[in-house]
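Engineer: What follows is final35.txt; its format and atoms are compact mmCIF, C-alpha atoms.
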# COMPACT_ATOMS: atom_id res chain seq x y z
CA MET A 246 24.67 -24.68 -92.26
CA ASP A 247 26.68 -21.42 -92.16
CA LEU A 248 25.10 -18.82 -89.89
CA ILE A 249 26.06 -15.19 -89.34
CA PRO A 250 24.88 -13.31 -86.23
CA ILE A 251 22.85 -10.14 -86.74
CA PRO A 252 23.70 -7.53 -84.09
CA PRO A 253 20.99 -6.63 -81.54
CA HIS A 254 18.74 -3.68 -82.48
CA SER A 255 19.64 -4.05 -86.19
CA ILE A 256 16.08 -5.21 -86.90
CA ARG A 257 12.84 -3.41 -86.04
CA ILE A 258 9.12 -4.04 -85.73
CA GLY A 259 7.33 -3.52 -89.05
CA GLN A 260 10.49 -4.16 -91.08
CA VAL A 261 10.09 -6.10 -94.34
CA LEU A 262 12.83 -8.74 -94.23
CA GLY A 263 15.22 -9.07 -97.15
CA PHE A 264 16.54 -12.31 -95.64
CA SER A 265 15.26 -15.05 -93.35
CA LEU A 266 15.79 -14.76 -89.58
CA ARG A 267 16.94 -17.87 -87.73
CA ASP A 268 17.91 -18.91 -84.22
CA SER A 269 21.37 -20.12 -83.16
CA SER A 270 20.56 -23.69 -84.29
CA GLY A 271 19.47 -22.56 -87.78
CA LYS A 272 15.73 -23.02 -87.18
CA LEU A 273 13.64 -20.62 -89.28
CA LEU A 274 11.89 -17.93 -87.24
CA PHE A 275 10.74 -15.47 -89.94
CA ALA A 276 10.98 -15.93 -93.72
CA SER A 277 12.39 -13.43 -96.18
CA GLY A 278 9.72 -10.97 -97.33
CA GLN A 279 7.76 -11.25 -94.08
CA VAL A 280 6.85 -8.16 -92.05
CA LEU A 281 8.16 -8.42 -88.46
CA PRO A 282 5.11 -8.35 -86.15
CA ASN A 283 4.86 -6.70 -82.76
CA THR A 284 5.25 -9.89 -80.65
CA PRO A 285 7.33 -10.90 -77.58
CA LEU A 286 9.56 -13.04 -79.80
CA VAL A 287 10.43 -10.08 -82.04
CA HIS A 288 11.15 -7.88 -79.02
CA LEU A 289 13.50 -10.63 -77.79
CA LEU A 290 15.26 -10.75 -81.17
CA ILE A 291 15.64 -6.95 -81.21
CA GLU A 292 17.19 -7.13 -77.75
CA ARG A 293 19.70 -9.94 -78.31
CA GLY A 294 20.01 -10.45 -82.08
CA ALA A 295 19.31 -13.34 -84.44
CA PHE A 296 21.07 -15.19 -87.26
CA VAL A 297 21.00 -15.23 -91.06
CA LEU A 298 22.30 -17.75 -93.58
CA ALA A 299 25.63 -16.66 -95.06
CA HIS A 300 24.44 -16.98 -98.67
CA GLU A 301 21.57 -14.54 -98.01
CA THR A 302 23.88 -11.66 -97.06
CA LYS A 303 24.85 -8.80 -99.39
CA GLU A 304 28.52 -9.67 -98.88
CA TYR A 305 27.93 -13.16 -100.25
CA GLN A 306 26.00 -11.83 -103.24
CA LYS A 307 28.81 -9.38 -103.99
CA ALA A 308 31.40 -12.14 -103.79
CA LEU A 309 29.30 -14.35 -106.07
CA ALA A 310 28.86 -11.56 -108.65
CA HIS A 311 32.62 -10.95 -108.61
CA LYS A 312 33.38 -14.64 -109.18
CA MET A 313 30.86 -14.94 -112.03
CA ASP A 314 32.33 -11.82 -113.68
CA THR A 315 35.83 -13.28 -113.40
CA MET A 316 34.70 -16.61 -114.86
CA MET A 317 33.06 -14.85 -117.81
CA HIS A 318 36.26 -12.98 -118.63
CA GLN A 319 38.18 -16.25 -118.40
CA GLY A 320 35.91 -17.80 -121.02
CA ALA A 321 34.07 -20.23 -118.77
CA THR A 322 30.99 -21.99 -120.11
CA LEU A 323 27.54 -20.65 -119.30
CA GLY A 324 26.80 -23.86 -117.34
CA SER A 325 29.88 -23.37 -115.15
CA ILE A 326 28.98 -19.73 -114.51
CA ALA A 327 25.39 -20.64 -113.61
CA GLY A 328 26.60 -23.21 -111.08
CA ALA A 329 29.18 -20.94 -109.47
CA LYS A 330 29.41 -20.52 -105.72
CA ALA A 331 31.11 -17.64 -104.00
CA ASP A 332 34.53 -18.10 -102.42
CA TYR A 333 33.20 -16.50 -99.28
CA ARG A 334 33.39 -17.58 -95.70
CA PRO A 335 33.25 -14.65 -93.25
CA GLU A 336 35.01 -14.85 -89.92
CA ALA A 337 31.70 -14.28 -88.16
CA ILE A 338 30.21 -17.59 -89.28
CA VAL A 339 28.94 -19.54 -86.29
CA LYS A 340 30.31 -23.05 -85.88
CA ARG A 341 27.85 -25.73 -84.81
CA SER A 342 29.43 -26.83 -81.55
CA PRO A 343 28.00 -27.68 -78.13
CA PRO A 344 26.77 -24.44 -76.53
CA SER A 345 28.61 -23.08 -73.53
CA PHE A 346 26.70 -23.45 -70.28
CA SER A 347 27.39 -19.75 -69.64
CA ASP A 348 25.99 -18.53 -73.00
CA GLN A 349 22.92 -16.58 -71.88
CA ALA A 350 21.57 -16.00 -75.40
CA ALA A 351 21.79 -19.69 -76.31
CA TRP A 352 20.14 -20.62 -73.02
CA ALA A 353 17.29 -18.17 -73.68
CA ASP A 354 16.90 -19.74 -77.13
CA LEU A 355 16.60 -23.23 -75.66
CA LEU A 356 14.00 -22.13 -73.11
CA LEU A 357 11.99 -20.37 -75.81
CA HIS A 358 11.99 -23.42 -78.07
CA VAL A 359 11.10 -25.91 -75.32
CA HIS A 360 8.32 -23.56 -74.21
CA SER A 361 6.94 -23.51 -77.77
CA LEU A 362 7.45 -27.26 -78.27
CA LEU A 363 5.47 -28.25 -75.17
CA ARG A 364 2.65 -25.74 -75.66
CA GLU A 365 2.15 -26.20 -79.41
CA PRO A 366 3.21 -29.75 -80.39
CA LYS A 367 2.62 -30.64 -84.05
CA PRO A 368 2.64 -34.23 -85.37
CA GLU A 369 4.58 -33.35 -88.53
CA ASP A 370 7.75 -32.25 -86.71
CA PHE A 371 7.36 -32.93 -82.98
CA ALA A 372 9.63 -35.96 -82.73
CA THR A 373 12.44 -34.23 -84.64
CA ARG A 374 12.17 -30.98 -82.69
CA PHE A 375 11.91 -32.80 -79.35
CA GLU A 376 15.05 -34.84 -80.03
CA HIS A 377 16.97 -31.77 -81.17
CA HIS A 378 16.22 -29.80 -77.99
CA TYR A 379 16.67 -32.89 -75.81
CA GLN A 380 20.14 -33.49 -77.23
CA GLU A 381 21.06 -29.82 -76.80
CA MET A 382 20.11 -29.99 -73.13
CA MET A 383 21.97 -33.26 -72.64
CA ALA A 384 25.09 -31.72 -74.20
CA ARG A 385 24.92 -28.96 -71.59
CA VAL A 386 24.48 -31.51 -68.80
CA GLN A 387 27.47 -33.52 -70.00
CA GLN A 388 29.54 -30.33 -70.22
CA ASN A 389 28.83 -29.24 -66.63
CA ALA A 390 25.97 -30.74 -64.64
CA ASP A 391 26.56 -28.55 -61.57
CA ALA A 392 26.45 -25.34 -63.63
CA MET A 393 23.17 -26.41 -65.21
CA LEU A 394 21.75 -27.36 -61.80
CA MET A 395 22.70 -23.97 -60.41
CA ARG A 396 21.13 -22.10 -63.32
CA LEU A 397 17.91 -24.13 -63.38
CA VAL A 398 17.33 -24.47 -59.63
CA PHE A 399 17.95 -20.76 -59.15
CA ASP A 400 15.69 -19.85 -62.11
CA VAL A 401 12.75 -22.04 -61.10
CA SER A 402 13.07 -20.92 -57.47
CA HIS A 403 12.74 -17.23 -58.22
CA GLU A 404 10.10 -16.88 -60.91
CA TYR A 405 7.12 -18.79 -62.32
CA GLN A 406 7.27 -17.50 -65.92
CA GLN A 407 7.74 -20.32 -68.48
CA TYR A 408 7.15 -22.70 -65.59
CA SER A 409 6.33 -25.76 -67.68
CA ALA A 410 9.46 -25.52 -69.85
CA LYS A 411 11.81 -24.88 -66.93
CA HIS A 412 10.19 -27.61 -64.85
CA GLY A 413 10.62 -30.10 -67.69
CA LEU A 414 14.28 -29.22 -68.20
CA LEU A 415 15.01 -29.38 -64.46
CA CYS A 416 13.29 -32.77 -64.18
CA LEU A 417 15.32 -34.03 -67.16
CA LEU A 418 18.53 -32.98 -65.40
CA LEU A 419 17.47 -34.53 -62.09
CA ALA A 420 16.52 -37.75 -63.89
CA GLU A 421 19.93 -37.95 -65.53
CA LEU A 422 21.71 -37.50 -62.19
CA CYS A 423 19.48 -40.11 -60.52
CA CYS A 424 20.25 -42.61 -63.30
CA ARG A 425 23.96 -42.03 -62.78
CA HIS A 426 23.61 -42.55 -59.03
CA MET A 427 21.53 -45.72 -59.44
CA GLY A 428 23.82 -47.11 -62.14
CA TRP A 429 20.84 -47.74 -64.40
CA ARG A 430 21.51 -48.96 -67.92
CA GLU A 431 21.40 -46.72 -70.98
CA GLU A 432 17.93 -47.84 -72.09
CA TRP A 433 16.43 -46.78 -68.74
CA ARG A 434 18.36 -43.51 -68.69
CA ALA A 435 17.24 -42.60 -72.23
CA SER A 436 13.56 -43.30 -71.49
CA LEU A 437 13.45 -41.67 -68.04
CA THR A 438 15.09 -38.43 -69.12
CA ARG A 439 12.80 -38.10 -72.13
CA ALA A 440 9.78 -38.90 -69.99
CA ALA A 441 10.85 -36.19 -67.55
CA LEU A 442 10.99 -33.53 -70.25
CA SER A 443 7.67 -34.53 -71.82
CA MET A 444 5.54 -35.58 -68.82
CA ASN A 445 3.45 -32.38 -68.71
CA ILE A 446 3.00 -31.90 -72.44
CA ALA A 447 -0.77 -32.31 -72.15
CA ILE A 448 -1.06 -29.52 -69.56
CA SER A 449 1.79 -27.16 -70.43
CA GLU A 450 -0.39 -24.17 -71.32
CA LEU A 451 -2.72 -24.88 -68.39
CA GLN A 452 0.21 -25.12 -65.97
CA ASP A 453 1.63 -21.79 -67.05
CA ARG A 454 -1.78 -20.15 -66.71
CA LEU A 455 -2.53 -21.60 -63.28
CA CYS A 456 0.90 -20.59 -61.94
CA ALA A 457 -0.01 -16.96 -62.60
CA ARG A 458 -3.23 -17.09 -60.56
CA ASP A 459 -3.45 -15.01 -57.40
CA ASP A 460 -5.39 -17.67 -55.52
CA ALA A 461 -4.69 -21.33 -54.76
CA LEU A 462 -6.17 -24.08 -56.94
CA THR A 463 -9.56 -25.47 -56.06
CA ASP A 464 -10.16 -29.22 -55.75
CA ALA A 465 -11.92 -29.15 -59.11
CA GLN A 466 -8.95 -27.50 -60.78
CA ARG A 467 -6.56 -30.06 -59.25
CA ASP A 468 -8.75 -32.85 -60.61
CA GLU A 469 -8.71 -31.24 -64.06
CA VAL A 470 -4.91 -31.01 -64.00
CA ARG A 471 -4.56 -34.69 -62.99
CA GLN A 472 -7.05 -35.88 -65.61
CA ARG A 473 -5.46 -33.90 -68.43
CA ALA A 474 -1.92 -34.84 -67.36
CA ALA A 475 -2.88 -38.51 -67.62
CA THR A 476 -3.48 -38.10 -71.37
CA ALA A 477 0.22 -37.38 -72.05
CA PRO A 478 1.10 -40.92 -73.24
CA GLN A 479 -1.75 -40.98 -75.75
CA LEU A 480 -0.85 -37.50 -76.98
CA LEU A 481 2.79 -38.47 -77.40
CA ARG A 482 1.75 -41.52 -79.47
CA THR A 483 -0.18 -39.27 -81.85
CA LEU A 484 2.94 -37.09 -82.09
CA GLY A 485 5.04 -40.02 -83.29
CA ILE A 486 6.68 -41.29 -80.07
CA GLN A 487 7.02 -45.09 -80.05
CA ASP A 488 9.38 -45.75 -77.12
CA GLU A 489 7.22 -48.05 -74.95
CA LEU A 490 9.36 -47.72 -71.81
CA TRP A 491 9.08 -43.91 -72.06
CA LEU A 492 5.30 -44.09 -72.52
CA GLN A 493 4.77 -46.76 -69.84
CA THR A 494 6.78 -44.68 -67.37
CA LEU A 495 4.38 -41.78 -67.91
CA MET A 496 1.32 -44.03 -67.65
CA LEU A 497 2.48 -45.34 -64.25
CA ARG A 498 3.79 -42.05 -62.86
CA HIS A 499 0.89 -41.55 -60.42
CA GLU A 500 0.28 -45.28 -59.87
CA ALA A 501 3.74 -46.36 -58.65
CA GLY A 502 3.29 -46.12 -54.89
CA PRO A 503 5.71 -46.24 -51.96
CA GLY A 504 8.01 -49.11 -51.06
CA PRO A 505 11.26 -50.68 -52.28
CA LEU A 506 12.12 -50.48 -55.97
CA ALA A 507 13.44 -54.03 -56.17
CA GLY A 508 10.93 -56.52 -57.49
CA ARG A 509 9.11 -53.96 -59.63
CA GLY A 510 9.15 -53.85 -63.40
CA GLY A 511 11.44 -51.39 -65.17
CA ALA A 512 8.68 -48.93 -66.09
CA GLU A 513 7.33 -48.93 -62.52
CA GLN A 514 10.78 -48.24 -61.06
CA LEU A 515 11.28 -45.34 -63.48
CA ALA A 516 7.77 -44.06 -62.78
CA ARG A 517 8.39 -44.00 -59.03
CA MET A 518 11.65 -42.12 -59.52
CA LEU A 519 9.95 -39.65 -61.88
CA ARG A 520 7.18 -39.05 -59.35
CA ARG A 521 9.70 -38.09 -56.64
CA ILE A 522 11.64 -35.90 -59.09
CA ASP A 523 8.42 -34.11 -60.10
CA ILE A 524 7.49 -33.41 -56.47
CA PHE A 525 10.98 -32.16 -55.59
CA ALA A 526 11.15 -29.77 -58.56
CA ALA A 527 7.61 -28.49 -57.89
CA ARG A 528 8.44 -27.73 -54.24
CA LEU A 529 11.36 -25.58 -55.35
CA SER A 530 9.13 -23.48 -57.61
CA PRO A 531 6.94 -20.53 -56.57
CA ARG A 532 3.51 -19.65 -57.88
CA ARG A 533 1.92 -16.22 -57.79
CA SER A 534 -0.21 -17.59 -54.94
CA ARG A 535 2.61 -19.10 -52.85
CA LYS A 536 6.36 -18.88 -52.21
CA ALA A 537 8.89 -21.56 -53.07
CA MET A 538 10.23 -23.90 -50.38
CA SER A 539 13.83 -24.07 -49.25
CA ALA A 540 15.85 -26.92 -50.76
CA ALA A 541 15.98 -28.75 -47.42
CA ALA A 542 12.18 -28.59 -47.10
CA ALA A 543 11.78 -29.88 -50.68
CA ALA A 544 14.22 -32.69 -49.87
CA ARG A 545 12.18 -33.72 -46.82
CA ALA A 546 9.05 -33.82 -49.00
CA VAL A 547 10.57 -36.53 -51.21
CA TYR A 548 12.71 -38.35 -48.65
CA LEU A 549 9.59 -39.42 -46.75
CA ASP A 550 6.95 -41.30 -48.73
CA GLU A 551 3.16 -41.20 -48.53
CA LEU A 552 3.32 -43.29 -45.32
CA GLN A 553 5.95 -40.99 -43.78
CA LYS A 554 8.63 -43.65 -44.12
CA PRO A 555 12.03 -43.23 -45.87
CA ASP A 556 11.50 -43.55 -49.62
CA GLU A 557 14.14 -45.36 -51.67
CA ALA A 558 13.64 -43.30 -54.82
CA GLY A 559 13.50 -40.05 -52.86
CA ALA A 560 16.68 -40.93 -50.95
CA ALA A 561 18.45 -41.69 -54.24
CA LEU A 562 17.44 -38.26 -55.56
CA ILE A 563 18.82 -36.48 -52.48
CA LYS A 564 22.09 -38.44 -52.69
CA ALA A 565 22.38 -37.56 -56.38
CA VAL A 566 21.88 -33.79 -56.06
CA GLY A 567 22.67 -33.14 -52.40
CA LEU A 568 20.61 -31.87 -49.50
CA TYR A 569 21.52 -28.37 -50.73
CA PRO A 570 21.63 -28.63 -54.55
CA PRO A 571 23.43 -26.04 -56.68
CA GLY A 572 21.23 -22.99 -57.15
CA SER A 573 19.66 -23.20 -53.70
CA LEU A 574 20.28 -20.65 -50.94
CA VAL A 575 21.94 -21.18 -47.55
CA ARG A 576 23.15 -19.38 -44.44
CA LEU A 577 26.60 -20.36 -43.17
CA ALA A 578 27.83 -20.78 -39.61
CA ASN A 579 29.70 -17.45 -39.88
CA ASN A 580 26.35 -15.78 -40.74
CA GLU A 581 27.18 -15.24 -44.43
CA MET A 582 24.47 -15.94 -46.99
CA GLY A 583 25.01 -17.35 -50.44
CA VAL A 584 24.14 -19.65 -53.31
CA VAL A 585 25.23 -23.27 -53.51
CA ALA A 586 27.59 -23.46 -56.49
CA LYS A 587 28.67 -27.12 -56.64
CA ARG A 588 27.79 -30.43 -55.08
CA GLY A 589 30.23 -31.66 -52.46
CA HIS A 590 31.61 -35.06 -51.51
CA SER A 591 28.68 -35.51 -49.13
CA ALA A 592 25.05 -34.38 -49.36
CA ASN A 593 25.44 -31.66 -46.71
CA GLU A 594 28.86 -30.23 -47.63
CA PRO A 595 28.53 -28.33 -50.93
CA LEU A 596 30.70 -25.52 -52.26
CA VAL A 597 28.93 -22.22 -51.58
CA ALA A 598 29.36 -18.82 -53.23
CA ALA A 599 28.94 -16.26 -50.45
CA LEU A 600 26.98 -13.19 -51.59
CA ILE A 601 26.22 -11.37 -48.32
CA GLY A 602 28.91 -10.94 -45.66
CA LYS A 603 28.78 -11.41 -41.90
CA SER A 604 27.79 -7.76 -41.48
CA GLY A 605 24.75 -8.21 -43.72
CA ASN A 606 26.22 -6.15 -46.57
CA PRO A 607 26.51 -7.53 -50.12
CA LEU A 608 29.98 -8.69 -51.19
CA SER A 609 31.48 -7.09 -54.32
CA GLU A 610 32.05 -10.52 -55.91
CA PRO A 611 30.86 -14.06 -55.08
CA VAL A 612 33.38 -15.66 -52.70
CA PRO A 613 33.78 -19.49 -52.67
CA ARG A 614 33.30 -21.10 -49.25
CA ASP A 615 34.24 -24.68 -48.32
CA THR A 616 31.46 -25.95 -46.08
CA ARG A 617 33.63 -28.80 -44.78
CA LEU A 618 35.21 -26.17 -42.52
CA ALA A 619 33.34 -25.65 -39.25
CA ALA A 620 33.27 -21.84 -39.57
CA GLN A 621 31.83 -22.08 -43.08
CA ALA A 622 29.48 -25.03 -42.57
CA VAL A 623 25.87 -24.76 -43.73
CA ALA A 624 23.76 -23.60 -40.80
CA ALA A 625 20.39 -23.31 -42.55
CA SER A 626 18.68 -23.82 -45.88
CA LEU A 627 16.95 -20.63 -47.03
CA ALA A 628 13.82 -20.12 -49.09
CA PRO A 629 14.40 -17.94 -52.19
CA HIS A 630 12.49 -14.94 -50.81
CA GLU A 631 14.84 -14.78 -47.80
CA LEU A 632 17.74 -13.48 -49.90
CA LYS A 633 17.09 -9.77 -50.53
CA LEU A 634 19.64 -9.34 -53.30
CA LEU A 635 19.62 -9.18 -57.09
CA VAL A 636 21.91 -12.04 -58.12
CA ASN A 637 24.07 -11.90 -61.26
CA MET A 638 24.07 -15.45 -62.62
CA GLU A 639 26.86 -14.71 -65.09
CA ARG A 640 29.20 -13.83 -62.22
CA LEU A 641 28.31 -17.06 -60.45
CA LEU A 642 29.00 -19.11 -63.58
CA LYS A 643 32.52 -17.71 -63.70
CA LEU A 644 33.26 -19.88 -60.66
CA TYR A 645 33.29 -22.82 -63.05
Please express what this file holds, its structure, as structure tokens.
Structural biologist:
Amino acid sequence: MDLIPIPPHSIRIGQVLGFSLRDSSGKLLFASGQVLPNTPLVHLLIERGAFVLAHETKEYQKALAHKMDTMMHQGATLGSIAGAKADYRPEAIVKRSPPSFSDQAAWADLLLHVHSLLREPKPEDFATRFEHHYQEMMARVQQNADAMLMRLVFDVSHEYQQYSAKHGLLCLLLAELCCRHMGWREEWRASLTRAALSMNIAISELQDRLCARDDALTDAQRDEVRQRAATAPQLLRTLGIQDELWLQTLMLRHEAGPGPLAGRGGAEQLARMLRRIDIFAARLSPRRSRKAMSAAAAARAVYLDELQKPDEAGAALIKAVGLYPPGSLVRLANNEMGVVAKRGHSANEPLVAALIGKSGNPLSEPVPRDTRLAAQAVAASLAPHELKLLVNMERLLKLY
């Protein structure tokens, strides 16, 4: 599929389209002849641009008319002329290649589509759409897991908008890293990561709505969330999902209690890991009614189980992502403050991008700090609201 980018602000609300608008993956957003409505999606397209199929452009039509005219003068048959295709391939055509982890527009596209997928699942295309977005996310993880951790942990820690989609993507990433650490086989990895992305599909809209409340949830609302969340496996079956390990993992997510993983069935081991991942990611995320925890506090919440004993699955998660995962905030021994940029060789020695200097003034650019050095060691894990600075994620991603 040959796609050509349309520059931002080249479309407008109320415009009658003479071509179809698509996203960066070629998925149809608005059909030709449709009037662009006044919606958040259209405002987003006006701001950052969209894509059109090459053969729908005026340049293609001109090239086709020229070729047909030439063929007619050369005495070609009517059948050949009717089947002609333009010799046209503009330089601006987008190649279908794995997206760059630093491509902000492509990342916004993915978030938008996962948000829509989880809130409005449809049996006729859910399985196909889910797998497409799952594979896109996995390609990003394979390209640079630390960069994706930094982007997602920072995003979920600082805002609650699109909570369900971001939470699902972060849990997918954490699940992948846990599988790598545990050395689990491909079948387990494939089921756990998909379960992580889909676990809240039955409550996605409810989650987003409750996150925006000014007051804390009541006991009745918590019961409603748990009861509706438990219907996810049945809902996924109706949407065409047949992977039993995936579905069993979701069914056991709240039933797999504390204790060693050895001796349990595969689905119960995955369910216990998913439960700890879910708790960790939730602790990192704010709501309108409460602030997010620091990464160290979130780590403590999963390292100790329901009996306040060390939890094997929780410990594996901390070893996989670090006590201070990329995207979390820290204060260094020299009194600088910054964002964790990469995992280190040990859980408590990450690479940090300093953002605020010893004097308390912002630095002009993020400065890498090696926390293995005593003067630059991590002194404290900070909650997101403790950093009073507008952070430019694109600058941080340049460290990669």
Engineer: From the list A:Trp433, A:Phe371, A:Phe296, A:Tyr569, which residue is nearest Val584 (chain A) when using all atoms listed in the file?
Structural biologist: A:Tyr569
Engineer: Near Val470 (chain A), within 9 Å and counting all atoms listed in the file, which residues show up once chain neighbours fewer than 5 positions away are dropped, as a ChimeraX atom specification?
Structural biologist: /A:448,451-452,465,475
Engineer: A:Asp615, A:Glu610, A:Glu432, A:Asp354: which is nearest Leu642 (chain A), counting all atoms listed in the file?
Structural biologist: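 Looking at the shortest contact to Leu642 (chain A), the residue is A:Glu610.
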Engineer: Counting all atoms listed in the file, what is within 12 Å of region 288-295 of chain A, bar same-chain residues fewer than 5 positions away, as a ChimeraX atom specification?
Structural biologist: /A:248-260,264-275,281-283,339,348-354,357
Engineer: Can you tell me which residues surround Thr483 (chain A) at a distance of at most 12 Å, considering all atoms listed in the file, apart from same-chain residues fewer than 5 positions away, and format the answer as number ranges by chain?
Structural biologist: A: 366-372, 447, 476-478, 492
Engineer: Pick out the residues sitting within 12 Å of Arg439 (chain A), and hand them over as an NGL selection string; count all atoms listed in the file, and ignore anything fewer than 4 positions along from it in its own chain.
Structural biologist: :A and (372 or 375-380 or 382-383 or 413-421 or 432-435 or 443-446 or 481 or 486 or 488-492 or 494-495 or 515 or 519)
Engineer: For a test of reading the model, state the distance in Å between CA of Arg532 (chain A) and CA of Ala410 (chain A), rounded to one decimal.
Structural biologist: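 A separation of 14.6 Å between them.
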Engineer: Work out how far apart CA of Leu618 (chain A) and CA of Glu594 (chain A) are and give it in Å to one decimal.
Structural biologist: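 About the pair CA of Leu618 (chain A) and CA of Glu594 (chain A): they are 9.1 Å apart.
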Engineer: Given 4 Å on each side, where is the centre and what are the edge lengths in Å to one decimal of the axis-aligned box enclosing the listed atoms of region 376-387 of chain A, as AutoDock Vina command-line options?
Structural biologist:
--center_x 21.3 --center_y -31.9 --center_z -75.0 --size_x 20.4 --size_y 13.9 --size_z 20.4
Engineer: Near region 621-626 of chain A, counting all atoms listed in the file, which residues have an atom at most 7 Å away, once you skip same-chain residues fewer than 3 positions from it, shown as a list in words?
Structural biologist: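 Returned residues: Ser539, Ala540, Ala541, Leu574, Val575, Arg576, Leu577, Ala578, Asn579, Arg614, Asp615, Thr616, Arg617 and Leu618 of chain A.
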Engineer: When distances are computed from all atoms listed in the file, which of A:Met427, A:Gln279, A:Leu549, A:Ala592 shows the smallest separation from Leu262 (chain A)?
Structural biologist: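 Closest candidate: A:Gln279.
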Engineer: Which is closest to Lys587 (chain A) among A:Arg482, A:Arg533, A:Arg396, A:His360, if we use all atoms listed in the file?
Structural biologist: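 Closest residue, counting all atoms listed in the file: A:Arg396.
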Engineer: Because the input lacks atoms here, generate N, CA, C and O atoms for region 419-430 of chain A and report them as a PDB file, in the coordinates of the input.
Structural biologist:
ATOM      1  N   LEU A 419      17.534 -33.720 -63.300  1.00  0.00           N
ATOM      2  CA  LEU A 419      17.470 -34.530 -62.090  1.00  0.00           C
ATOM      3  C   LEU A 419      17.385 -36.017 -62.424  1.00  0.00           C
ATOM      4  O   LEU A 419      17.998 -36.857 -61.749  1.00  0.00           O
ATOM      5  N   ALA A 420      16.635 -36.348 -63.469  1.00  0.00           N
ATOM      6  CA  ALA A 420      16.520 -37.750 -63.890  1.00  0.00           C
ATOM      7  C   ALA A 420      17.865 -38.303 -64.335  1.00  0.00           C
ATOM      8  O   ALA A 420      18.225 -39.441 -64.007  1.00  0.00           O
ATOM      9  N   GLU A 421      18.605 -37.518 -65.075  1.00  0.00           N
ATOM     10  CA  GLU A 421      19.930 -37.950 -65.530  1.00  0.00           C
ATOM     11  C   GLU A 421      20.845 -38.220 -64.336  1.00  0.00           C
ATOM     12  O   GLU A 421      21.560 -39.237 -64.293  1.00  0.00           O
ATOM     13  N   LEU A 422      20.847 -37.338 -63.354  1.00  0.00           N
ATOM     14  CA  LEU A 422      21.710 -37.500 -62.190  1.00  0.00           C
ATOM     15  C   LEU A 422      21.275 -38.703 -61.340  1.00  0.00           C
ATOM     16  O   LEU A 422      22.121 -39.412 -60.779  1.00  0.00           O
ATOM     17  N   CYS A 423      19.975 -38.939 -61.255  1.00  0.00           N
ATOM     18  CA  CYS A 423      19.480 -40.110 -60.520  1.00  0.00           C
ATOM     19  C   CYS A 423      19.908 -41.408 -61.221  1.00  0.00           C
ATOM     20  O   CYS A 423      20.289 -42.382 -60.556  1.00  0.00           O
ATOM     21  N   CYS A 424      19.830 -41.423 -62.543  1.00  0.00           N
ATOM     22  CA  CYS A 424      20.250 -42.610 -63.300  1.00  0.00           C
ATOM     23  C   CYS A 424      21.730 -42.901 -63.065  1.00  0.00           C
ATOM     24  O   CYS A 424      22.138 -44.058 -62.922  1.00  0.00           O
ATOM     25  N   ARG A 425      22.543 -41.850 -63.047  1.00  0.00           N
ATOM     26  CA  ARG A 425      23.960 -42.030 -62.780  1.00  0.00           C
ATOM     27  C   ARG A 425      24.175 -42.627 -61.391  1.00  0.00           C
ATOM     28  O   ARG A 425      24.967 -43.547 -61.211  1.00  0.00           O
ATOM     29  N   HIS A 426      23.457 -42.085 -60.411  1.00  0.00           N
ATOM     30  CA  HIS A 426      23.610 -42.550 -59.030  1.00  0.00           C
ATOM     31  C   HIS A 426      23.168 -44.011 -58.894  1.00  0.00           C
ATOM     32  O   HIS A 426      23.824 -44.806 -58.195  1.00  0.00           O
ATOM     33  N   MET A 427      22.067 -44.366 -59.543  1.00  0.00           N
ATOM     34  CA  MET A 427      21.530 -45.720 -59.440  1.00  0.00           C
ATOM     35  C   MET A 427      22.295 -46.727 -60.294  1.00  0.00           C
ATOM     36  O   MET A 427      22.151 -47.934 -60.118  1.00  0.00           O
ATOM     37  N   GLY A 428      23.097 -46.218 -61.240  1.00  0.00           N
ATOM     38  CA  GLY A 428      23.820 -47.110 -62.140  1.00  0.00           C
ATOM     39  C   GLY A 428      22.905 -47.801 -63.134  1.00  0.00           C
ATOM     40  O   GLY A 428      23.196 -48.907 -63.599  1.00  0.00           O
ATOM     41  N   TRP A 429      21.789 -47.143 -63.467  1.00  0.00           N
ATOM     42  CA  TRP A 429      20.840 -47.740 -64.400  1.00  0.00           C
ATOM     43  C   TRP A 429      21.401 -47.762 -65.817  1.00  0.00           C
ATOM     44  O   TRP A 429      22.168 -46.880 -66.211  1.00  0.00           O
ATOM     45  N   ARG A 430      20.986 -48.771 -66.563  1.00  0.00           N
ATOM     46  CA  ARG A 430      21.510 -48.960 -67.920  1.00  0.00           C
ATOM     47  C   ARG A 430      20.999 -47.876 -68.864  1.00  0.00           C
ATOM     48  O   ARG A 430      20.040 -47.173 -68.576  1.00  0.00           O
TER      49      ARG A 430
END
